[in-house]
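Student: As input, take my_file_2.pdb (PDB, C-alpha atoms):
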```pdb
MODEL        1
ATOM      1  CA  MET X  50      60.665 107.371 135.577
ATOM      2  CA  SER X  51      62.013 104.230 133.895
ATOM      3  CA  HIS X  52      62.958 106.301 130.844
ATOM      4  CA  ASN X  53      64.987 108.707 132.986
ATOM      5  CA  ILE X  54      66.729 105.835 134.741
ATOM      6  CA  GLN X  55      67.644 104.319 131.390
ATOM      7  CA  GLU X  56      69.050 107.649 130.185
ATOM      8  CA  ASP X  57      71.082 107.975 133.389
ATOM      9  CA  LEU X  58      72.488 104.471 132.946
ATOM     10  CA  VAL X  59      73.486 105.233 129.347
ATOM     11  CA  HIS X  60      75.155 108.455 130.490
ATOM     12  CA  ILE X  61      77.029 106.686 133.307
ATOM     13  CA  ARG X  62      78.158 103.944 130.937
ATOM     14  CA  SER X  63      79.400 106.553 128.464
ATOM     15  CA  MET X  64      81.346 108.365 131.207
ATOM     16  CA  MET X  65      82.921 105.109 132.387
ATOM     17  CA  GLU X  66      83.926 104.199 128.830
ATOM     18  CA  ARG X  67      85.493 107.618 128.269
ATOM     19  CA  SER X  68      87.491 107.377 131.487
ATOM     20  CA  SER X  69      88.691 103.781 131.011
ATOM     21  CA  ARG X  70      89.251 103.626 127.253
ATOM     22  CA  PHE X  71      90.945 105.746 124.610
ATOM     23  CA  ILE X  72      88.062 106.356 122.207
ATOM     24  CA  SER X  73      89.466 109.195 120.094
ATOM     25  CA  LEU X  74      91.178 106.816 117.675
ATOM     26  CA  SER X  75      89.887 107.500 114.161
ATOM     27  CA  GLY X  76      89.202 104.817 111.575
ATOM     28  CA  LEU X  77      90.708 107.094 108.937
ATOM     29  CA  SER X  78      94.066 106.589 110.650
ATOM     30  CA  GLY X  79      93.948 102.920 109.706
ATOM     31  CA  VAL X  80      92.776 103.654 106.166
ATOM     32  CA  PHE X  81      95.614 106.074 105.458
ATOM     33  CA  ALA X  82      98.183 103.837 107.174
ATOM     34  CA  GLY X  83      97.074 101.080 104.805
ATOM     35  CA  ILE X  84      97.274 103.360 101.776
ATOM     36  CA  PHE X  85     100.809 104.448 102.671
ATOM     37  CA  ALA X  86     101.783 100.803 103.202
ATOM     38  CA  LEU X  87     100.431  99.848  99.758
ATOM     39  CA  LEU X  88     102.304 102.726  98.138
ATOM     40  CA  GLY X  89     105.459 101.696  99.987
ATOM     41  CA  ALA X  90     105.077  98.071  98.887
ATOM     42  CA  GLY X  91     104.572  99.204  95.305
ATOM     43  CA  TYR X  92     107.725 101.309  95.424
ATOM     44  CA  ALA X  93     109.646  98.405  97.012
ATOM     45  CA  ALA X  94     108.585  96.180  94.106
ATOM     46  CA  PHE X  95     109.801  98.903  91.736
ATOM     47  CA  LEU X  96     113.171  98.956  93.534
ATOM     48  CA  PHE X  97     113.500  95.215  93.034
ATOM     49  CA  GLU X  98     112.806  95.504  89.307
ATOM     50  CA  SER X  99     115.079  98.522  88.853
ATOM     51  CA  ASN X 100     117.910  96.571  90.501
ATOM     52  CA  GLY X 101     117.446  93.664  88.114
ATOM     53  CA  MET X 102     115.684  91.368  90.581
ATOM     54  CA  SER X 103     112.330  89.767  89.957
ATOM     55  CA  TYR X 104     110.679  89.397  93.336
ATOM     56  CA  PHE X 105     108.668  86.339  92.309
ATOM     57  CA  ASP X 106     111.403  84.383  90.508
ATOM     58  CA  GLY X 107     111.730  81.946  93.421
ATOM     59  CA  PHE X 108     115.518  82.291  93.635
ATOM     60  CA  ASP X 109     117.535  83.396  96.648
ATOM     61  CA  LYS X 110     118.504  87.037  96.346
ATOM     62  CA  VAL X 111     121.712  88.770  97.310
ATOM     63  CA  TYR X 112     121.126  92.309  98.544
ATOM     64  CA  THR X 113     123.724  95.051  98.389
ATOM     65  CA  ASP X 114     124.189  97.417 101.317
ATOM     66  CA  GLU X 115     122.859 100.279  99.183
ATOM     67  CA  PHE X 116     119.692  98.342  98.331
ATOM     68  CA  ILE X 117     119.085  97.439 101.983
ATOM     69  CA  TYR X 118     119.603 101.084 102.928
ATOM     70  CA  LYS X 119     116.938 102.158 100.409
ATOM     71  CA  LEU X 120     114.453  99.641 101.795
ATOM     72  CA  ILE X 121     115.102 100.784 105.369
ATOM     73  CA  VAL X 122     114.618 104.443 104.410
ATOM     74  CA  LEU X 123     111.409 103.521 102.587
ATOM     75  CA  ALA X 124     110.101 101.675 105.670
ATOM     76  CA  ILE X 125     110.901 104.677 107.896
ATOM     77  CA  VAL X 126     109.141 107.092 105.519
ATOM     78  CA  VAL X 127     106.022 104.891 105.435
ATOM     79  CA  LEU X 128     106.047 104.598 109.236
ATOM     80  CA  VAL X 129     106.405 108.370 109.742
ATOM     81  CA  LEU X 130     103.590 109.136 107.291
ATOM     82  CA  ALA X 131     101.321 106.576 108.986
ATOM     83  CA  LEU X 132     102.059 108.021 112.438
ATOM     84  CA  LEU X 133     101.502 111.604 111.296
ATOM     85  CA  SER X 134      98.191 110.777 109.633
ATOM     86  CA  GLY X 135      97.148 108.783 112.702
ATOM     87  CA  PHE X 136      97.845 111.719 114.999
ATOM     88  CA  LEU X 137      96.124 114.188 112.676
ATOM     89  CA  PHE X 138      92.861 112.242 112.340
ATOM     90  CA  THR X 139      92.830 111.320 116.032
ATOM     91  CA  TYR X 140      93.344 114.976 116.971
ATOM     92  CA  LYS X 141      90.493 116.046 114.687
ATOM     93  CA  LYS X 142      88.152 113.428 116.121
ATOM     94  CA  SER X 143      88.972 114.382 119.713
ATOM     95  CA  LYS X 144      88.303 118.047 118.952
ATOM     96  CA  LYS X 145      85.053 117.192 117.201
ATOM     97  CA  ASN X 146      83.816 115.134 120.166
ATOM     98  CA  ASN X 147      85.351 117.441 122.766
ATOM     99  CA  LEU X 148      87.499 114.651 124.207
ATOM    100  CA  PRO X 149      90.970 115.040 125.729
ATOM    101  CA  ILE X 150      93.769 113.168 123.972
ATOM    102  CA  TRP X 151      96.443 113.004 126.657
ATOM    103  CA  THR X 152      94.933 111.196 129.649
ATOM    104  CA  SER X 153      96.099 108.521 132.073
ATOM    105  CA  THR X 154      94.367 105.945 129.849
ATOM    106  CA  THR X 155      96.289 107.241 126.830
ATOM    107  CA  LYS X 156      99.573 106.839 128.693
ATOM    108  CA  VAL X 157      98.763 103.264 129.719
ATOM    109  CA  MET X 158      97.636 102.354 126.196
ATOM    110  CA  LEU X 159     100.793 103.792 124.619
ATOM    111  CA  LEU X 160     102.952 101.935 127.147
ATOM    112  CA  GLN X 161     101.209  98.641 126.394
ATOM    113  CA  LEU X 162     101.649  99.338 122.681
ATOM    114  CA  ALA X 163     105.278 100.410 123.007
ATOM    115  CA  ILE X 164     106.655  97.447 124.943
ATOM    116  CA  PRO X 165     106.169  94.798 122.195
ATOM    117  CA  LEU X 166     107.073  97.336 119.494
ATOM    118  CA  VAL X 167     110.363  98.353 121.127
ATOM    119  CA  VAL X 168     111.353  94.745 121.813
ATOM    120  CA  GLY X 169     110.325  93.835 118.265
ATOM    121  CA  GLY X 170     112.345  96.735 116.885
ATOM    122  CA  VAL X 171     115.478  95.539 118.701
ATOM    123  CA  PHE X 172     114.822  91.994 117.487
ATOM    124  CA  CYS X 173     114.471  93.202 113.883
ATOM    125  CA  LEU X 174     117.684  95.230 114.148
ATOM    126  CA  ALA X 175     119.423  92.038 115.273
ATOM    127  CA  LEU X 176     117.989  90.217 112.254
ATOM    128  CA  VAL X 177     119.361  92.912 109.941
ATOM    129  CA  TYR X 178     122.726  92.811 111.737
ATOM    130  CA  HIS X 179     122.994  89.051 111.191
ATOM    131  CA  GLY X 180     121.685  89.237 107.621
ATOM    132  CA  LEU X 181     118.533  87.234 108.364
ATOM    133  CA  PHE X 182     116.304  89.398 106.185
ATOM    134  CA  VAL X 183     113.765  86.665 105.388
ATOM    135  CA  PHE X 184     112.575  86.745 109.010
ATOM    136  CA  LEU X 185     111.853  90.473 109.032
ATOM    137  CA  ALA X 186     108.306  90.212 107.686
ATOM    138  CA  PRO X 187     107.199  87.497 110.133
ATOM    139  CA  ALA X 188     108.865  89.306 113.045
ATOM    140  CA  THR X 189     107.308  92.704 112.300
ATOM    141  CA  LEU X 190     103.840  91.222 111.818
ATOM    142  CA  LEU X 191     104.063  89.115 114.984
ATOM    143  CA  PHE X 192     105.358  91.860 117.263
ATOM    144  CA  TYR X 193     102.904  94.373 115.787
ATOM    145  CA  GLY X 194     100.062  91.913 116.355
ATOM    146  CA  LEU X 195     101.137  91.422 119.984
ATOM    147  CA  ALA X 196     101.268  95.194 120.459
ATOM    148  CA  LEU X 197      97.723  95.627 119.125
ATOM    149  CA  VAL X 198      96.322  92.824 121.292
ATOM    150  CA  ASN X 199      98.074  94.366 124.287
ATOM    151  CA  ALA X 200      96.845  97.927 123.628
ATOM    152  CA  GLY X 201      93.352  96.818 122.612
ATOM    153  CA  LYS X 202      92.408  96.457 126.279
ATOM    154  CA  TYR X 203      92.515 100.243 126.625
ATOM    155  CA  THR X 204      90.758 101.313 123.433
ATOM    156  CA  TYR X 205      88.213  99.830 121.017
ATOM    157  CA  SER X 206      88.180  96.031 121.198
ATOM    158  CA  ASP X 207      88.275  95.961 117.376
ATOM    159  CA  ILE X 208      91.994  96.749 117.686
ATOM    160  CA  GLN X 209      92.536  93.352 119.256
ATOM    161  CA  TYR X 210      90.881  91.587 116.317
ATOM    162  CA  LEU X 211      93.228  93.417 113.964
ATOM    163  CA  GLY X 212      96.060  92.183 116.167
ATOM    164  CA  TYR X 213      94.853  88.583 115.939
ATOM    165  CA  PHE X 214      94.809  88.795 112.131
ATOM    166  CA  GLN X 215      98.351  90.231 112.154
ATOM    167  CA  LEU X 216      99.487  87.359 114.376
ATOM    168  CA  PHE X 217      97.880  84.865 112.008
ATOM    169  CA  LEU X 218      99.591  86.410 108.965
ATOM    170  CA  GLY X 219     102.920  86.558 110.778
ATOM    171  CA  SER X 220     102.665  82.892 111.733
ATOM    172  CA  VAL X 221     101.767  81.838 108.183
ATOM    173  CA  SER X 222     104.599  83.926 106.706
ATOM    174  CA  LEU X 223     107.110  81.886 108.730
ATOM    175  CA  PHE X 224     106.389  79.001 106.343
ATOM    176  CA  PHE X 225     106.773  81.160 103.211
ATOM    177  CA  LEU X 226     110.102  82.846 103.797
ATOM    178  CA  GLY X 227     111.198  85.082 100.944
ATOM    179  CA  TYR X 228     107.703  86.410 100.254
ATOM    180  CA  GLY X 229     107.650  88.965 103.028
ATOM    181  CA  LEU X 230     106.573  91.807 100.762
ATOM    182  CA  ILE X 231     103.310  89.980 100.028
ATOM    183  CA  PHE X 232     102.552  89.460 103.713
ATOM    184  CA  TRP X 233     103.545  93.041 104.528
ATOM    185  CA  THR X 234     101.128  94.236 101.837
ATOM    186  CA  LEU X 235      98.335  92.089 103.265
ATOM    187  CA  GLY X 236      99.021  92.919 106.920
ATOM    188  CA  PHE X 237     100.011  96.568 106.895
ATOM    189  CA  GLY X 238      98.128  97.503 103.727
ATOM    190  CA  ILE X 239      94.913  95.573 103.092
ATOM    191  CA  LEU X 240      94.070  94.742 106.713
ATOM    192  CA  HIS X 241      94.589  98.340 107.827
ATOM    193  CA  ILE X 242      92.284  99.662 105.116
ATOM    194  CA  VAL X 243      89.578  97.080 105.883
ATOM    195  CA  TYR X 244      89.869  97.638 109.637
ATOM    196  CA  GLY X 245      89.961 101.433 109.266
ATOM    197  CA  THR X 246      86.864 101.434 107.074
ATOM    198  CA  ILE X 247      84.945  99.300 109.581
ATOM    199  CA  MET X 248      86.073 101.495 112.475
ATOM    200  CA  PHE X 249      85.112 104.659 110.607
ATOM    201  CA  LYS X 250      81.599 103.371 109.937
ATOM    202  CA  LYS X 251      81.128 102.186 113.528
ATOM    203  CA  TYR X 252      82.630 105.003 115.591
ATOM    204  CA  ASP X 253      83.480 108.131 113.502
TER     205      ASP X 253
ENDMDL
END
```
Take the structure in this file and express it as structure tokens.

Tutor:
Amino acid sequence: MSHNIQEDLVHIRSMMERSSRFISLSGLSGVFAGIFALLGAGYAAFLFESNGMSYFDGFDKVYTDEFIYKLIVLAIVVLVLALLSGFLFTYKKSKKNNLPIWTSTTKVMLLQLAIPLVVGGVFCLALVYHGLFVFLAPATLLFYGLALVNAGKYTYSDIQYLGYFQLFLGSVSLFFLGYGLIFWTLGFGILHIVYGTIMFKKYD
């Protein structure tokens, strides 16, 4: 009797978790997002060298409009690839576990994720408009961290810990302006791979 009650409690808990949290998120999404970020950072470093600028020379750099345009396009490509891989692996996991993707919980989670990201995107566009490029890395890390902490309430709690690390990196990067590429590599590259690997081992 006690064994049956315990099984029923486990089943009820599982049903409640499925209804209140988005649990189809795959750890491989984070791994591949990190890989794309590392590749993007590597190509950005190549762009610096090919334009006659050593990223670590410690001097203030003057960017041409063409160079800025290339960096923006690179960032968009990395973002699109990360989103596509995230959707692909999440879709596969949901099919494997017979879980619906588009639910009321999904909508709430995406809304909580989108609010800081949209505001952060507008803020970053304003930074670009005013030529304050050194603040882009801190701003993106901070707003992304806030988005993860916000959305983590509706999916795995591990997401929130990733958000806290992003917030920490973003705060530290404010005191090392001009080295944004390093903090981007750590935040969007290394942390995503580490987090994704942990998530994959725990939940996939």

Student: How would you write, as a PyMOL selection string, the residues chosen by the PyMOL selection byres ((chain X and resi 162-179) around 9) on this structure?

Tutor: chain X and resi 157-161+180-185+188-189+191-201

Student: Given all atoms listed in the file as the basis, pick out the residue of X:Phe81, X:Phe95, X:Thr152, X:Ser143 nearest to X:Val129.

Tutor: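 The closest residue to X:Val129 is X:Phe81.
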
Student: For each of X:Lys145, X:Leu96, X:Lys156, X:Gly89, take the minimum atom-to-atom distance to X:Ile125, counting all atoms listed in the file, then give the residue where this is smallest.

Tutor: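 Using all atoms listed in the file, X:Ile125 sits closest to X:Gly89.
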
Student: For the file shown, what are the residues hit by the PyMOL selection byres ((chain X and resi 248) around 12), laid out as number ranges by chain?

Tutor: X: 72-80, 204-208, 210-211, 240-247, 249-253

Student: Take atom CA of X:Ala90 and atom CA of X:Phe136 and report the distance between them in Å, one decimal.

Tutor: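 Answer for the atom CA of X:Ala90 to atom CA of X:Phe136 separation: 22.3 Å.
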
Student: Quick check on the file I pasted: which residues fall under the PyMOL selection byres ((chain X and resi 217-225) around 8)? Write them as a PyMOL selection string.

Tutor: chain X and resi 184+186-191+213-216+226-229+232+236

Student: Between atom CA of X:Asn100 and atom CA of X:Ala86, what is the distance, to one decimal in Å?

Tutor: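 Computing the Euclidean distance for atom CA of X:Asn100 and atom CA of X:Ala86 yields 21.0 Å.
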
Student: Rank nothing, just name the residue among X:Ala94, X:Ile150, X:Leu132, X:Ile117 nearest to X:Leu230, using all atoms listed in the file.

Tutor: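 Answer, going by the shortest atom-to-atom distance: X:Ala94.
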
Student: What's the separation between atom CA of X:Leu130 and atom CA of X:Gly238, in Å to one decimal place?

Tutor: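 Between atom CA of X:Leu130 and atom CA of X:Gly238 the gap is 13.3 Å.
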
Student: Could you pull out every residue with an atom within 8 Å of (113.4, 102.3, 97.5), file coordinates, counting only C-alpha atoms, and send them as a count of residues only?

Tutor: 9

Student: In terms of the shortest atom-to-atom distance over only C-alpha atoms, which of X:Leu148, X:Leu87, X:Leu128, X:Leu133 is closest to X:Trp233?

Tutor: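 Going through X:Leu148, X:Leu87, X:Leu128, X:Leu133 one by one, the smallest distance to X:Trp233 is for X:Leu87.
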
Student: Point out the residue among X:Asp114, X:Thr155, X:Ser99, X:Ile231 with the least atom-to-atom distance to X:Tyr203, counting only C-alpha atoms.

Tutor: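 Looking at the shortest contact to X:Tyr203, the residue is X:Thr155.
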
Student: Please determine an axis-aligned box that encloses all atoms of stretch 189-196 of chain X listed in the file, with 3 Å added on each side, and express its centre and edge lengths in Å to one decimal as JSON.

Tutor:
```
{"center_x": 103.7, "center_y": 92.2, "center_z": 116.1, "size_x": 13.2, "size_y": 12.1, "size_z": 14.6}
```

Student: Can you complete the atoms of stretch 167-201 of chain X to N, CA and C atoms and list them as a PDB file, in the frame of the given file?

Tutor:
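Contents of rebuild-v2.pdb, as written:
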```pdb
ATOM      1  N   VAL X 167     108.946  98.065 120.866  1.00  0.00           N
ATOM      2  CA  VAL X 167     110.363  98.353 121.127  1.00  0.00           C
ATOM      3  C   VAL X 167     111.176  97.055 121.123  1.00  0.00           C
ATOM      4  N   VAL X 168     110.664  96.048 121.802  1.00  0.00           N
ATOM      5  CA  VAL X 168     111.353  94.745 121.813  1.00  0.00           C
ATOM      6  C   VAL X 168     111.432  94.186 120.390  1.00  0.00           C
ATOM      7  N   GLY X 169     110.333  94.301 119.654  1.00  0.00           N
ATOM      8  CA  GLY X 169     110.325  93.835 118.265  1.00  0.00           C
ATOM      9  C   GLY X 169     111.296  94.608 117.400  1.00  0.00           C
ATOM     10  N   GLY X 170     111.400  95.920 117.645  1.00  0.00           N
ATOM     11  CA  GLY X 170     112.345  96.735 116.885  1.00  0.00           C
ATOM     12  C   GLY X 170     113.783  96.295 117.115  1.00  0.00           C
ATOM     13  N   VAL X 171     114.123  96.017 118.373  1.00  0.00           N
ATOM     14  CA  VAL X 171     115.478  95.539 118.701  1.00  0.00           C
ATOM     15  C   VAL X 171     115.723  94.181 118.044  1.00  0.00           C
ATOM     16  N   PHE X 172     114.710  93.321 118.102  1.00  0.00           N
ATOM     17  CA  PHE X 172     114.822  91.994 117.487  1.00  0.00           C
ATOM     18  C   PHE X 172     115.051  92.112 115.985  1.00  0.00           C
ATOM     19  N   CYS X 173     114.325  93.024 115.332  1.00  0.00           N
ATOM     20  CA  CYS X 173     114.471  93.202 113.883  1.00  0.00           C
ATOM     21  C   CYS X 173     115.838  93.792 113.527  1.00  0.00           C
ATOM     22  N   LEU X 174     116.336  94.699 114.367  1.00  0.00           N
ATOM     23  CA  LEU X 174     117.684  95.230 114.148  1.00  0.00           C
ATOM     24  C   LEU X 174     118.718  94.115 114.233  1.00  0.00           C
ATOM     25  N   ALA X 175     118.513  93.185 115.157  1.00  0.00           N
ATOM     26  CA  ALA X 175     119.423  92.038 115.273  1.00  0.00           C
ATOM     27  C   ALA X 175     119.344  91.162 114.030  1.00  0.00           C
ATOM     28  N   LEU X 176     118.138  90.994 113.484  1.00  0.00           N
ATOM     29  CA  LEU X 176     117.989  90.217 112.254  1.00  0.00           C
ATOM     30  C   LEU X 176     118.750  90.865 111.103  1.00  0.00           C
ATOM     31  N   VAL X 177     118.637  92.187 110.991  1.00  0.00           N
ATOM     32  CA  VAL X 177     119.361  92.912 109.941  1.00  0.00           C
ATOM     33  C   VAL X 177     120.866  92.773 110.155  1.00  0.00           C
ATOM     34  N   TYR X 178     121.302  92.906 111.406  1.00  0.00           N
ATOM     35  CA  TYR X 178     122.726  92.811 111.737  1.00  0.00           C
ATOM     36  C   TYR X 178     123.302  91.461 111.329  1.00  0.00           C
ATOM     37  N   HIS X 179     122.516  90.401 111.513  1.00  0.00           N
ATOM     38  CA  HIS X 179     122.994  89.051 111.191  1.00  0.00           C
ATOM     39  C   HIS X 179     122.634  88.631 109.767  1.00  0.00           C
ATOM     40  N   GLY X 180     122.015  89.538 109.007  1.00  0.00           N
ATOM     41  CA  GLY X 180     121.685  89.237 107.621  1.00  0.00           C
ATOM     42  C   GLY X 180     120.522  88.286 107.434  1.00  0.00           C
ATOM     43  N   LEU X 181     119.674  88.159 108.441  1.00  0.00           N
ATOM     44  CA  LEU X 181     118.533  87.234 108.364  1.00  0.00           C
ATOM     45  C   LEU X 181     117.288  87.990 107.892  1.00  0.00           C
ATOM     46  N   PHE X 182     117.354  88.510 106.681  1.00  0.00           N
ATOM     47  CA  PHE X 182     116.304  89.398 106.185  1.00  0.00           C
ATOM     48  C   PHE X 182     114.969  88.683 105.960  1.00  0.00           C
ATOM     49  N   VAL X 183     115.012  87.384 105.686  1.00  0.00           N
ATOM     50  CA  VAL X 183     113.765  86.665 105.388  1.00  0.00           C
ATOM     51  C   VAL X 183     112.846  86.583 106.610  1.00  0.00           C
ATOM     52  N   PHE X 184     113.398  86.818 107.796  1.00  0.00           N
ATOM     53  CA  PHE X 184     112.575  86.745 109.010  1.00  0.00           C
ATOM     54  C   PHE X 184     112.000  88.099 109.416  1.00  0.00           C
ATOM     55  N   LEU X 185     112.322  89.139 108.662  1.00  0.00           N
ATOM     56  CA  LEU X 185     111.853  90.473 109.032  1.00  0.00           C
ATOM     57  C   LEU X 185     110.336  90.601 108.936  1.00  0.00           C
ATOM     58  N   ALA X 186     109.760  90.107 107.855  1.00  0.00           N
ATOM     59  CA  ALA X 186     108.306  90.212 107.686  1.00  0.00           C
ATOM     60  C   ALA X 186     107.552  89.466 108.784  1.00  0.00           C
ATOM     61  N   PRO X 187     107.887  88.184 109.040  1.00  0.00           N
ATOM     62  CA  PRO X 187     107.199  87.497 110.133  1.00  0.00           C
ATOM     63  C   PRO X 187     107.373  88.205 111.473  1.00  0.00           C
ATOM     64  N   ALA X 188     108.596  88.670 111.749  1.00  0.00           N
ATOM     65  CA  ALA X 188     108.865  89.306 113.045  1.00  0.00           C
ATOM     66  C   ALA X 188     108.062  90.590 113.217  1.00  0.00           C
ATOM     67  N   THR X 189     108.038  91.437 112.183  1.00  0.00           N
ATOM     68  CA  THR X 189     107.308  92.704 112.300  1.00  0.00           C
ATOM     69  C   THR X 189     105.810  92.465 112.459  1.00  0.00           C
ATOM     70  N   LEU X 190     105.266  91.517 111.713  1.00  0.00           N
ATOM     71  CA  LEU X 190     103.840  91.222 111.818  1.00  0.00           C
ATOM     72  C   LEU X 190     103.491  90.640 113.190  1.00  0.00           C
ATOM     73  N   LEU X 191     104.338  89.756 113.701  1.00  0.00           N
ATOM     74  CA  LEU X 191     104.063  89.115 114.984  1.00  0.00           C
ATOM     75  C   LEU X 191     104.154  90.110 116.143  1.00  0.00           C
ATOM     76  N   PHE X 192     105.210  90.898 116.172  1.00  0.00           N
ATOM     77  CA  PHE X 192     105.358  91.860 117.263  1.00  0.00           C
ATOM     78  C   PHE X 192     104.306  92.970 117.175  1.00  0.00           C
ATOM     79  N   TYR X 193     103.956  93.370 115.957  1.00  0.00           N
ATOM     80  CA  TYR X 193     102.904  94.373 115.787  1.00  0.00           C
ATOM     81  C   TYR X 193     101.559  93.817 116.248  1.00  0.00           C
ATOM     82  N   GLY X 194     101.289  92.559 115.907  1.00  0.00           N
ATOM     83  CA  GLY X 194     100.062  91.913 116.355  1.00  0.00           C
ATOM     84  C   GLY X 194      99.988  91.834 117.873  1.00  0.00           C
ATOM     85  N   LEU X 195     101.101  91.474 118.523  1.00  0.00           N
ATOM     86  CA  LEU X 195     101.137  91.422 119.984  1.00  0.00           C
ATOM     87  C   LEU X 195     100.894  92.801 120.590  1.00  0.00           C
ATOM     88  N   ALA X 196     101.461  93.829 119.970  1.00  0.00           N
ATOM     89  CA  ALA X 196     101.268  95.194 120.459  1.00  0.00           C
ATOM     90  C   ALA X 196      99.800  95.609 120.386  1.00  0.00           C
ATOM     91  N   LEU X 197      99.133  95.266 119.287  1.00  0.00           N
ATOM     92  CA  LEU X 197      97.723  95.627 119.125  1.00  0.00           C
ATOM     93  C   LEU X 197      96.837  94.886 120.131  1.00  0.00           C
ATOM     94  N   VAL X 198      97.103  93.605 120.322  1.00  0.00           N
ATOM     95  CA  VAL X 198      96.322  92.824 121.292  1.00  0.00           C
ATOM     96  C   VAL X 198      96.516  93.400 122.692  1.00  0.00           C
ATOM     97  N   ASN X 199      97.754  93.788 122.985  1.00  0.00           N
ATOM     98  CA  ASN X 199      98.074  94.366 124.287  1.00  0.00           C
ATOM     99  C   ASN X 199      97.345  95.695 124.500  1.00  0.00           C
ATOM    100  N   ALA X 200      97.424  96.586 123.501  1.00  0.00           N
ATOM    101  CA  ALA X 200      96.845  97.927 123.628  1.00  0.00           C
ATOM    102  C   ALA X 200      95.334  97.921 123.481  1.00  0.00           C
ATOM    103  N   GLY X 201      94.792  96.877 122.854  1.00  0.00           N
ATOM    104  CA  GLY X 201      93.352  96.818 122.612  1.00  0.00           C
ATOM    105  C   GLY X 201      92.519  96.792 123.870  1.00  0.00           C
TER     106      GLY X 201
END
```
